[in-house]
Each structure stands twice: as C-alpha cells, then as structure tokens.
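File shown: protein04.pdb (PDB, C-alpha atoms, pLDDT in the B column).
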```pdb
ATOM      1  CA  ASP A 130     102.723 130.072 105.149  1.00 62.00           C
ATOM      2  CA  ALA A 131     102.245 127.058 107.423  1.00 77.00           C
ATOM      3  CA  GLY A 132     100.590 125.013 104.717  1.00 91.00           C
ATOM      4  CA  VAL A 133      97.457 122.953 105.175  1.00 95.00           C
ATOM      5  CA  ILE A 134      96.998 121.992 108.814  1.00 96.00           C
ATOM      6  CA  GLN A 135      95.153 118.901 109.930  1.00 96.00           C
ATOM      7  CA  SER A 136      94.286 117.630 113.371  1.00 96.00           C
ATOM      8  CA  PRO A 137      94.556 115.262 114.990  1.00 96.00           C
ATOM      9  CA  ARG A 138      97.461 113.521 113.265  1.00 94.00           C
ATOM     10  CA  HIS A 139      96.436 110.197 114.721  1.00 95.00           C
ATOM     11  CA  GLU A 140      93.079 109.045 116.052  1.00 96.00           C
ATOM     12  CA  VAL A 141      92.228 105.698 117.559  1.00 97.00           C
ATOM     13  CA  THR A 142      88.623 105.074 118.454  1.00 96.00           C
ATOM     14  CA  GLU A 143      86.174 102.269 118.998  1.00 96.00           C
ATOM     15  CA  MET A 144      83.477 101.196 116.623  1.00 96.00           C
ATOM     16  CA  GLY A 145      80.315 103.220 117.051  1.00 96.00           C
ATOM     17  CA  GLN A 146      82.034 106.347 118.292  1.00 97.00           C
ATOM     18  CA  GLU A 147      81.834 109.704 116.566  1.00 97.00           C
ATOM     19  CA  VAL A 148      85.029 110.940 114.939  1.00 97.00           C
ATOM     20  CA  THR A 149      85.729 114.504 113.862  1.00 98.00           C
ATOM     21  CA  LEU A 150      88.678 115.412 111.667  1.00 98.00           C
ATOM     22  CA  ARG A 151      89.712 119.013 111.217  1.00 98.00           C
ATOM     23  CA  CYS A 152      91.407 120.986 108.491  1.00 98.00           C
ATOM     24  CA  LYS A 153      92.695 124.514 108.101  1.00 97.00           C
ATOM     25  CA  PRO A 154      93.430 125.361 104.460  1.00 96.00           C
ATOM     26  CA  ILE A 155      96.121 127.707 103.253  1.00 94.00           C
ATOM     27  CA  SER A 156      95.016 131.301 103.663  1.00 94.00           C
ATOM     28  CA  GLY A 157      93.597 132.728 100.452  1.00 91.00           C
ATOM     29  CA  HIS A 158      92.738 129.360  98.950  1.00 92.00           C
ATOM     30  CA  ASP A 159      89.143 129.144  97.789  1.00 90.00           C
ATOM     31  CA  TYR A 160      88.929 125.386  97.329  1.00 91.00           C
ATOM     32  CA  LEU A 161      89.151 122.652  99.926  1.00 94.00           C
ATOM     33  CA  PHE A 162      89.225 118.929  99.285  1.00 94.00           C
ATOM     34  CA  TRP A 163      88.870 115.870 101.520  1.00 96.00           C
ATOM     35  CA  TYR A 164      90.516 112.601 100.410  1.00 94.00           C
ATOM     36  CA  ARG A 165      90.717 109.138 101.917  1.00 94.00           C
ATOM     37  CA  GLN A 166      93.703 106.854 101.338  1.00 90.00           C
ATOM     38  CA  THR A 167      93.564 103.087 101.888  1.00 87.00           C
ATOM     39  CA  MET A 168      95.677 100.210 100.679  1.00 80.00           C
ATOM     40  CA  MET A 169      92.733  98.665  98.883  1.00 80.00           C
ATOM     41  CA  ARG A 170      91.243 101.711  97.190  1.00 81.00           C
ATOM     42  CA  GLY A 171      94.155 104.124  96.948  1.00 81.00           C
ATOM     43  CA  LEU A 172      93.450 107.843  97.168  1.00 86.00           C
ATOM     44  CA  GLU A 173      89.788 108.770  96.761  1.00 89.00           C
ATOM     45  CA  LEU A 174      88.195 112.208  96.633  1.00 90.00           C
ATOM     46  CA  LEU A 175      85.368 112.363  99.162  1.00 94.00           C
ATOM     47  CA  ILE A 176      84.094 115.920  98.809  1.00 94.00           C
ATOM     48  CA  TYR A 177      85.250 119.386  97.868  1.00 92.00           C
ATOM     49  CA  PHE A 178      84.175 122.925  98.659  1.00 93.00           C
ATOM     50  CA  ASN A 179      84.417 126.209  96.804  1.00 91.00           C
ATOM     51  CA  ASN A 180      84.103 129.341  98.941  1.00 92.00           C
ATOM     52  CA  ASN A 181      82.758 127.224 101.799  1.00 94.00           C
ATOM     53  CA  VAL A 182      80.013 125.645  99.678  1.00 94.00           C
ATOM     54  CA  PRO A 183      80.071 121.891  98.966  1.00 94.00           C
ATOM     55  CA  ILE A 184      80.359 121.385  95.211  1.00 90.00           C
ATOM     56  CA  ASP A 185      80.692 117.636  94.761  1.00 88.00           C
ATOM     57  CA  ASP A 186      80.093 115.094  97.510  1.00 91.00           C
ATOM     58  CA  SER A 187      79.638 112.100  95.240  1.00 88.00           C
ATOM     59  CA  GLY A 188      82.669 110.443  96.800  1.00 89.00           C
ATOM     60  CA  MET A 189      81.257 110.425 100.315  1.00 93.00           C
ATOM     61  CA  PRO A 190      80.812 106.724 101.023  1.00 87.00           C
ATOM     62  CA  GLU A 191      77.555 106.824 102.963  1.00 85.00           C
ATOM     63  CA  ASP A 192      75.374 108.852 105.261  1.00 91.00           C
ATOM     64  CA  ARG A 193      77.632 108.201 108.207  1.00 95.00           C
ATOM     65  CA  PHE A 194      80.049 110.686 106.647  1.00 96.00           C
ATOM     66  CA  SER A 195      79.416 114.412 106.675  1.00 97.00           C
ATOM     67  CA  ALA A 196      81.592 117.447 105.991  1.00 97.00           C
ATOM     68  CA  LYS A 197      81.156 121.107 106.761  1.00 97.00           C
ATOM     69  CA  MET A 198      83.019 124.304 106.089  1.00 97.00           C
ATOM     70  CA  PRO A 199      81.604 127.017 108.335  1.00 96.00           C
ATOM     71  CA  ASN A 200      84.176 129.585 107.215  1.00 95.00           C
ATOM     72  CA  ALA A 201      87.099 130.039 104.855  1.00 94.00           C
ATOM     73  CA  SER A 202      89.671 128.832 107.365  1.00 95.00           C
ATOM     74  CA  PHE A 203      88.117 125.706 108.813  1.00 96.00           C
ATOM     75  CA  SER A 204      86.510 122.463 107.708  1.00 98.00           C
ATOM     76  CA  THR A 205      85.478 119.269 109.465  1.00 98.00           C
ATOM     77  CA  LEU A 206      84.883 115.729 108.313  1.00 98.00           C
ATOM     78  CA  LYS A 207      82.703 113.753 110.676  1.00 98.00           C
ATOM     79  CA  ILE A 208      82.016 110.043 110.834  1.00 97.00           C
ATOM     80  CA  GLN A 209      79.119 108.939 112.994  1.00 96.00           C
ATOM     81  CA  PRO A 210      79.013 106.114 113.879  1.00 96.00           C
ATOM     82  CA  SER A 211      82.484 104.961 112.932  1.00 96.00           C
ATOM     83  CA  GLU A 212      83.221 101.429 111.705  1.00 96.00           C
ATOM     84  CA  PRO A 213      86.479  99.461 111.378  1.00 96.00           C
ATOM     85  CA  ARG A 214      86.330  99.762 107.569  1.00 94.00           C
ATOM     86  CA  ASP A 215      86.657 103.535 107.970  1.00 96.00           C
ATOM     87  CA  SER A 216      90.244 103.038 109.090  1.00 96.00           C
ATOM     88  CA  ALA A 217      92.384 105.004 106.648  1.00 95.00           C
ATOM     89  CA  VAL A 218      94.470 108.130 106.268  1.00 94.00           C
ATOM     90  CA  TYR A 219      92.319 111.168 105.590  1.00 96.00           C
ATOM     91  CA  PHE A 220      93.927 114.039 103.718  1.00 95.00           C
ATOM     92  CA  CYS A 221      92.758 117.577 103.332  1.00 96.00           C
ATOM     93  CA  ALA A 222      94.004 119.689 100.436  1.00 94.00           C
ATOM     94  CA  SER A 223      93.428 123.234  99.277  1.00 93.00           C
ATOM     95  CA  SER A 224      93.980 125.206  96.111  1.00 89.00           C
ATOM     96  CA  ARG A 225      93.809 128.857  95.203  1.00 86.00           C
ATOM     97  CA  ARG A 226      91.371 128.725  92.329  1.00 74.00           C
ATOM     98  CA  GLY A 227      90.521 125.058  92.031  1.00 60.00           C
ATOM     99  CA  GLY A 228      90.238 125.160  88.300  1.00 59.00           C
ATOM    100  CA  THR A 229      91.976 122.949  85.844  1.00 54.00           C
ATOM    101  CA  SER A 230      95.228 124.869  86.011  1.00 57.00           C
ATOM    102  CA  ASP A 231      95.680 125.012  89.741  1.00 72.00           C
ATOM    103  CA  THR A 232      97.739 122.916  92.127  1.00 80.00           C
ATOM    104  CA  GLN A 233      96.343 121.243  95.211  1.00 86.00           C
ATOM    105  CA  TYR A 234      98.428 121.415  98.370  1.00 89.00           C
ATOM    106  CA  PHE A 235      97.985 118.548 100.765  1.00 92.00           C
ATOM    107  CA  GLY A 236      98.027 118.458 104.541  1.00 94.00           C
ATOM    108  CA  PRO A 237      99.931 115.832 106.542  1.00 91.00           C
ATOM    109  CA  GLY A 238      96.842 113.665 106.954  1.00 93.00           C
ATOM    110  CA  THR A 239      95.005 112.113 109.873  1.00 96.00           C
ATOM    111  CA  ARG A 240      95.572 108.421 110.418  1.00 95.00           C
ATOM    112  CA  LEU A 241      92.302 107.000 111.717  1.00 97.00           C
ATOM    113  CA  THR A 242      92.080 103.585 113.322  1.00 97.00           C
ATOM    114  CA  VAL A 243      88.672 102.260 114.292  1.00 97.00           C
ATOM    115  CA  LEU A 244      88.833  99.210 116.534  1.00 96.00           C
TER     116      LEU A 244
ATOM    117  CA  ALA B  97      84.194 107.869  83.818  1.00 69.00           C
ATOM    118  CA  GLN B  98      87.787 108.819  84.214  1.00 73.00           C
ATOM    119  CA  SER B  99      90.264 106.341  85.615  1.00 85.00           C
ATOM    120  CA  VAL B 100      94.003 106.141  86.089  1.00 91.00           C
ATOM    121  CA  SER B 101      96.076 102.958  85.985  1.00 92.00           C
ATOM    122  CA  GLN B 102      99.504 102.546  87.453  1.00 93.00           C
ATOM    123  CA  HIS B 103     100.654  99.104  86.490  1.00 86.00           C
ATOM    124  CA  ASN B 104     103.650  98.810  88.773  1.00 88.00           C
ATOM    125  CA  HIS B 105     102.677  98.484  92.412  1.00 90.00           C
ATOM    126  CA  HIS B 106     106.197  98.156  93.769  1.00 95.00           C
ATOM    127  CA  VAL B 107     109.451  98.891  91.978  1.00 96.00           C
ATOM    128  CA  ILE B 108     112.849  98.134  93.469  1.00 97.00           C
ATOM    129  CA  LEU B 109     115.971  99.692  91.948  1.00 97.00           C
ATOM    130  CA  SER B 110     119.581 100.228  92.836  1.00 96.00           C
ATOM    131  CA  GLU B 111     121.016 103.711  93.120  1.00 95.00           C
ATOM    132  CA  ALA B 112     121.985 105.246  89.759  1.00 96.00           C
ATOM    133  CA  ALA B 113     119.556 103.033  87.855  1.00 97.00           C
ATOM    134  CA  SER B 114     117.139 104.646  85.446  1.00 97.00           C
ATOM    135  CA  LEU B 115     113.486 104.870  86.374  1.00 97.00           C
ATOM    136  CA  GLU B 116     110.283 104.752  84.395  1.00 97.00           C
ATOM    137  CA  LEU B 117     106.902 104.469  86.094  1.00 97.00           C
ATOM    138  CA  GLY B 118     103.913 103.801  83.905  1.00 96.00           C
ATOM    139  CA  CYS B 119     100.658 105.729  83.994  1.00 96.00           C
ATOM    140  CA  ASN B 120      97.683 105.340  81.685  1.00 96.00           C
ATOM    141  CA  TYR B 121      94.386 107.120  81.901  1.00 93.00           C
ATOM    142  CA  SER B 122      91.034 106.604  80.324  1.00 90.00           C
ATOM    143  CA  TYR B 123      89.257 109.708  79.149  1.00 82.00           C
ATOM    144  CA  GLY B 124      88.635 110.846  75.621  1.00 75.00           C
ATOM    145  CA  GLY B 125      88.633 114.583  76.197  1.00 81.00           C
ATOM    146  CA  THR B 126      91.220 117.146  77.140  1.00 83.00           C
ATOM    147  CA  VAL B 127      93.009 116.369  80.379  1.00 86.00           C
ATOM    148  CA  ASN B 128      95.459 117.795  82.837  1.00 88.00           C
ATOM    149  CA  LEU B 129      97.965 115.331  84.242  1.00 92.00           C
ATOM    150  CA  PHE B 130      99.937 115.257  87.461  1.00 93.00           C
ATOM    151  CA  TRP B 131     102.505 113.238  89.314  1.00 96.00           C
ATOM    152  CA  TYR B 132     102.530 113.519  93.088  1.00 94.00           C
ATOM    153  CA  VAL B 133     105.111 112.041  95.447  1.00 95.00           C
ATOM    154  CA  GLN B 134     104.632 110.942  99.047  1.00 93.00           C
ATOM    155  CA  TYR B 135     107.867 110.459 100.992  1.00 93.00           C
ATOM    156  CA  PRO B 136     107.694 108.142 104.020  1.00 90.00           C
ATOM    157  CA  GLY B 137     105.677 109.763 106.766  1.00 83.00           C
ATOM    158  CA  GLN B 138     104.982 112.895 104.750  1.00 85.00           C
ATOM    159  CA  HIS B 139     102.102 114.333 102.814  1.00 84.00           C
ATOM    160  CA  LEU B 140     101.647 114.367  99.069  1.00 90.00           C
ATOM    161  CA  GLN B 141     103.660 116.904  97.130  1.00 91.00           C
ATOM    162  CA  LEU B 142     103.373 117.891  93.511  1.00 91.00           C
ATOM    163  CA  LEU B 143     106.250 116.568  91.423  1.00 94.00           C
ATOM    164  CA  LEU B 144     105.171 117.913  88.047  1.00 94.00           C
ATOM    165  CA  LYS B 145     102.102 118.671  85.985  1.00 91.00           C
ATOM    166  CA  TYR B 146     101.023 118.936  82.373  1.00 92.00           C
ATOM    167  CA  PHE B 147      98.317 121.275  81.175  1.00 87.00           C
ATOM    168  CA  SER B 148      99.233 122.096  77.597  1.00 86.00           C
ATOM    169  CA  GLY B 149     102.170 122.796  75.304  1.00 90.00           C
ATOM    170  CA  ASP B 150     105.358 120.753  75.274  1.00 93.00           C
ATOM    171  CA  PRO B 151     104.397 117.158  76.079  1.00 94.00           C
ATOM    172  CA  LEU B 152     107.729 116.626  77.833  1.00 96.00           C
ATOM    173  CA  VAL B 153     107.378 118.131  81.274  1.00 95.00           C
ATOM    174  CA  LYS B 154     110.231 118.661  83.673  1.00 95.00           C
ATOM    175  CA  GLY B 155     109.603 118.645  87.401  1.00 92.00           C
ATOM    176  CA  ILE B 156     111.539 118.912  90.595  1.00 90.00           C
ATOM    177  CA  LYS B 157     114.473 116.716  91.620  1.00 93.00           C
ATOM    178  CA  GLY B 158     115.356 115.687  88.082  1.00 95.00           C
ATOM    179  CA  PHE B 159     112.042 114.020  87.274  1.00 96.00           C
ATOM    180  CA  GLU B 160     110.317 114.374  83.942  1.00 97.00           C
ATOM    181  CA  ALA B 161     107.196 112.954  82.325  1.00 97.00           C
ATOM    182  CA  GLU B 162     106.049 112.636  78.755  1.00 96.00           C
ATOM    183  CA  PHE B 163     102.450 112.985  77.689  1.00 95.00           C
ATOM    184  CA  ILE B 164     101.681 110.723  74.729  1.00 95.00           C
ATOM    185  CA  LYS B 165      98.120 111.484  73.760  1.00 92.00           C
ATOM    186  CA  SER B 166      97.786 108.602  71.302  1.00 92.00           C
ATOM    187  CA  LYS B 167      98.691 106.139  74.039  1.00 94.00           C
ATOM    188  CA  PHE B 168      96.781 107.902  76.845  1.00 94.00           C
ATOM    189  CA  SER B 169      99.990 107.737  78.830  1.00 96.00           C
ATOM    190  CA  PHE B 170     101.965 110.005  81.116  1.00 97.00           C
ATOM    191  CA  ASN B 171     104.997 108.000  82.245  1.00 97.00           C
ATOM    192  CA  LEU B 172     107.368 109.345  84.850  1.00 97.00           C
ATOM    193  CA  ARG B 173     111.129 109.099  84.266  1.00 97.00           C
ATOM    194  CA  LYS B 174     114.385 109.851  85.978  1.00 97.00           C
ATOM    195  CA  PRO B 175     117.744 108.948  84.411  1.00 97.00           C
ATOM    196  CA  SER B 176     119.538 108.161  87.673  1.00 97.00           C
ATOM    197  CA  VAL B 177     117.712 107.549  90.937  1.00 97.00           C
ATOM    198  CA  GLN B 178     118.987 108.235  94.422  1.00 96.00           C
ATOM    199  CA  TRP B 179     118.220 106.581  97.728  1.00 95.00           C
ATOM    200  CA  SER B 180     116.276 109.697  98.707  1.00 95.00           C
ATOM    201  CA  ASP B 181     113.802 108.997  95.889  1.00 97.00           C
ATOM    202  CA  THR B 182     112.335 106.186  97.958  1.00 97.00           C
ATOM    203  CA  ALA B 183     108.661 107.127  98.146  1.00 97.00           C
ATOM    204  CA  GLU B 184     105.226 106.401  96.770  1.00 95.00           C
ATOM    205  CA  TYR B 185     104.377 108.008  93.446  1.00 96.00           C
ATOM    206  CA  PHE B 186     100.851 108.835  92.335  1.00 95.00           C
ATOM    207  CA  CYS B 187      99.715 109.681  88.856  1.00 95.00           C
ATOM    208  CA  ALA B 188      96.550 111.778  88.635  1.00 92.00           C
ATOM    209  CA  VAL B 189      94.259 113.109  85.937  1.00 89.00           C
ATOM    210  CA  ASN B 190      91.791 115.928  85.831  1.00 84.00           C
ATOM    211  CA  ALA B 191      89.371 116.197  82.947  1.00 76.00           C
ATOM    212  CA  GLN B 192      89.131 119.810  81.895  1.00 65.00           C
ATOM    213  CA  SER B 193      85.373 119.408  81.724  1.00 64.00           C
ATOM    214  CA  SER B 194      85.187 118.575  85.427  1.00 61.00           C
ATOM    215  CA  ALA B 195      87.199 121.337  86.984  1.00 58.00           C
ATOM    216  CA  SER B 196      88.815 120.624  90.347  1.00 65.00           C
ATOM    217  CA  LYS B 197      88.037 116.903  90.494  1.00 75.00           C
ATOM    218  CA  ILE B 198      91.303 114.989  90.313  1.00 83.00           C
ATOM    219  CA  ILE B 199      91.345 111.196  90.020  1.00 86.00           C
ATOM    220  CA  PHE B 200      94.407 109.480  91.464  1.00 89.00           C
ATOM    221  CA  GLY B 201      95.993 106.206  90.479  1.00 91.00           C
ATOM    222  CA  SER B 202      96.623 103.543  93.092  1.00 89.00           C
ATOM    223  CA  GLY B 203     100.249 104.545  93.451  1.00 92.00           C
ATOM    224  CA  THR B 204     103.627 102.925  92.843  1.00 95.00           C
ATOM    225  CA  ARG B 205     105.942 102.299  95.732  1.00 95.00           C
ATOM    226  CA  LEU B 206     109.554 102.914  94.778  1.00 97.00           C
ATOM    227  CA  SER B 207     112.306 101.395  96.906  1.00 97.00           C
ATOM    228  CA  ILE B 208     115.910 102.318  96.195  1.00 96.00           C
ATOM    229  CA  ARG B 209     118.696 100.090  97.404  1.00 91.00           C
ATOM    230  CA  PRO B 210     121.719 102.115  98.559  1.00 82.00           C
TER     231      PRO B 210
END
```
Structure re-expressed in structure tokens:
Amino acid sequence: DAGVIQSPRHEVTEMGQEVTLRCKPISGHDYLFWYRQTMMRGLELLIYFNNNVPIDDSGMPEDRFSAKMPNASFSTLKIQPSEPRDSAVYFCASSRRGGTSDTQYFGPGTRLTVL
Amino acid sequence: AQSVSQHNHHVILSEAASLELGCNYSYGGTVNLFWYVQYPGQHLQLLLKYFSGDPLVKGIKGFEAEFIKSKFSFNLRKPSVQWSDTAEYFCAVNAQSSASKIIFGSGTRLSIRP
C-alpha cells in the first residue's frame, strides 16, 4: 500500500488567496484525520471523519477553514481566505477503525506558507 | 480536558548514551498512550503504544516506555542511542471515552552527536 498521500507537498500563496489541501487515505481505512503542526502550538487535531462524515470539528480554528470528504478515498481541507498565521505543516492521517485500539497512519504533510 | 506535557523541548546526547524523555498527561479516566517519532523531513510514525496489560511496552528500534498510572506518566527510554535516532518525538494520549481523538504533546527534539 502506498500509505496516506497528500498533495501538494509544498504550497506558497499570498494572503487572501484560497488554499486547498488534498488527502488520499489508505484504502480500507474508515477514519480520516486532519492535523496542523506549528512551532508555537505543536500538533493539533483540526477535524476527523468516519465513513466520510465529519465527527468532530471542534479543532477547526475558524470559519475560514472547511473540510470535506466526498468519498472514501479523498478529502480536502480548504482555507479561504488564507492568512499568514495559517502557515504550518498540515498532516492527514487515517486509521482502519478509529477506535481506541487503532493506530493512525500519517501522510507526509503539506507545508503551507502564506505570505 | 485532556492535555499532554513533554517537559524537554530539546535534548542533546552523544551516541551510546541512555535516553529518557518525559511525558505526563492529565486525565483521570482510562487512557491509551502513544509515542510517535518524526525523522527529519518525514512524516510521523508510531514508535509504540499502550492500551492495557503490561505497563512496560516495547516498541521498534529498541525503544520502550513505561506507563506509571499513579504518576500519570509514560516516559520513553532507550538504553543506548544512535545517531539515526535524531528526530522529534511526540507523546500522545487518547481518552477511551473519546474514541479516535488523540491529543499530542508539543514534542521533544532529540539531537545525537556522532
């Protein structure tokens, strides 16, 4: 299996622009997670899905952030409009069952820089 | 609310030295505990995990961690580090009452001098 795939790996954009990050989970995994990693705040869970349905989005920082999972093999995280403080590495992870005994597998991350 | 504290932000060791990275969590209920590692330029990988049973957990690459419930701790250890252990290490906790939601610590950067 190719593992969790994220694109793009790097994104540089200007403040006010829309940014879309993409994730393909491991086939057969029912849970998908979006995390943000910054020096100041460490690794934060933004939102997670079970069978394409958002379960907990309490970590989404504000309305500028939105996430969708139209099918079992694809998810997007969108920031509109983007701001310099959104600069971070965004990780996607997936797990088979998502319960307390399962392991999350992380993608390589997207490094976002907002100028 | 759950939280995880990693007290050492940056640890520098020489090869063959022994390692112990501290991790404390705050949650009164039953928890699952994890250590993840992020090598330079790579994504997070699971090093080891504790769900139940023997509180001394052995992971990959010679790492182990001990769950001490009375101290709310899950410290990571390795008796003899190698240069290739240079990475960032994250402790994480998942309360069994909030399935799937894992809270990560801020991470400890480990630098090994060859």
Residue members of the PyMOL selection byres ((chain B) within 12 of (chain A)) in the file shown, as number ranges by chain: B: 99-102, 105, 126-148, 184-205
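Counting from atom CA of A:Cys152, the distance to atom CA of A:Arg240 is 13.4 Å.
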Separation of atom CA of B:Leu152 from atom CA of B:Leu117 in Å: 14.7 Å
Nearby residues (all atoms listed in the file) at most 8 Å from A:Gly145, same-chain spacing under 6 positions excluded, as an NGL selection string: :A and (209-212)
Between atom CA of B:Gly125 and atom CA of B:Ile164 - distance in Å to one decimal: 13.7 Å
Result set, the PyMOL selection byres ((chain A and resi 181) around 7) on current file, as a ChimeraX atom specification: /A:178-180,182-183,198-201
Selection above as a file: C-alpha atoms, as a PDB file, keeping the file's coordinate frame:
```pdb
ATOM      1  CA  PHE A 178      84.175 122.925  98.659  1.00 93.00           C
ATOM      2  CA  ASN A 179      84.417 126.209  96.804  1.00 91.00           C
ATOM      3  CA  ASN A 180      84.103 129.341  98.941  1.00 92.00           C
ATOM      4  CA  VAL A 182      80.013 125.645  99.678  1.00 94.00           C
ATOM      5  CA  PRO A 183      80.071 121.891  98.966  1.00 94.00           C
ATOM      6  CA  MET A 198      83.019 124.304 106.089  1.00 97.00           C
ATOM      7  CA  PRO A 199      81.604 127.017 108.335  1.00 96.00           C
ATOM      8  CA  ASN A 200      84.176 129.585 107.215  1.00 95.00           C
ATOM      9  CA  ALA A 201      87.099 130.039 104.855  1.00 94.00           C
TER      10      ALA A 201
END
```
Selection: 6 Å around stretch 131-142 of chain A, only C-alpha atoms, excl. self and same-chain fewer than 6 positions, as an MDAnalysis selection string: chainID A and resid 151:155 236 239:243
Dump C-alpha atoms for the selected residues as a tab-separated table (two decimals), keeping the file's coordinate frame?
```
chain	number	residue	atom	x	y	z
A	151	ARG	CA	89.71	119.01	111.22
A	152	CYS	CA	91.41	120.99	108.49
A	153	LYS	CA	92.70	124.51	108.10
A	154	PRO	CA	93.43	125.36	104.46
A	155	ILE	CA	96.12	127.71	103.25
A	236	GLY	CA	98.03	118.46	104.54
A	239	THR	CA	95.00	112.11	109.87
A	240	ARG	CA	95.57	108.42	110.42
A	241	LEU	CA	92.30	107.00	111.72
A	242	THR	CA	92.08	103.58	113.32
A	243	VAL	CA	88.67	102.26	114.29
```
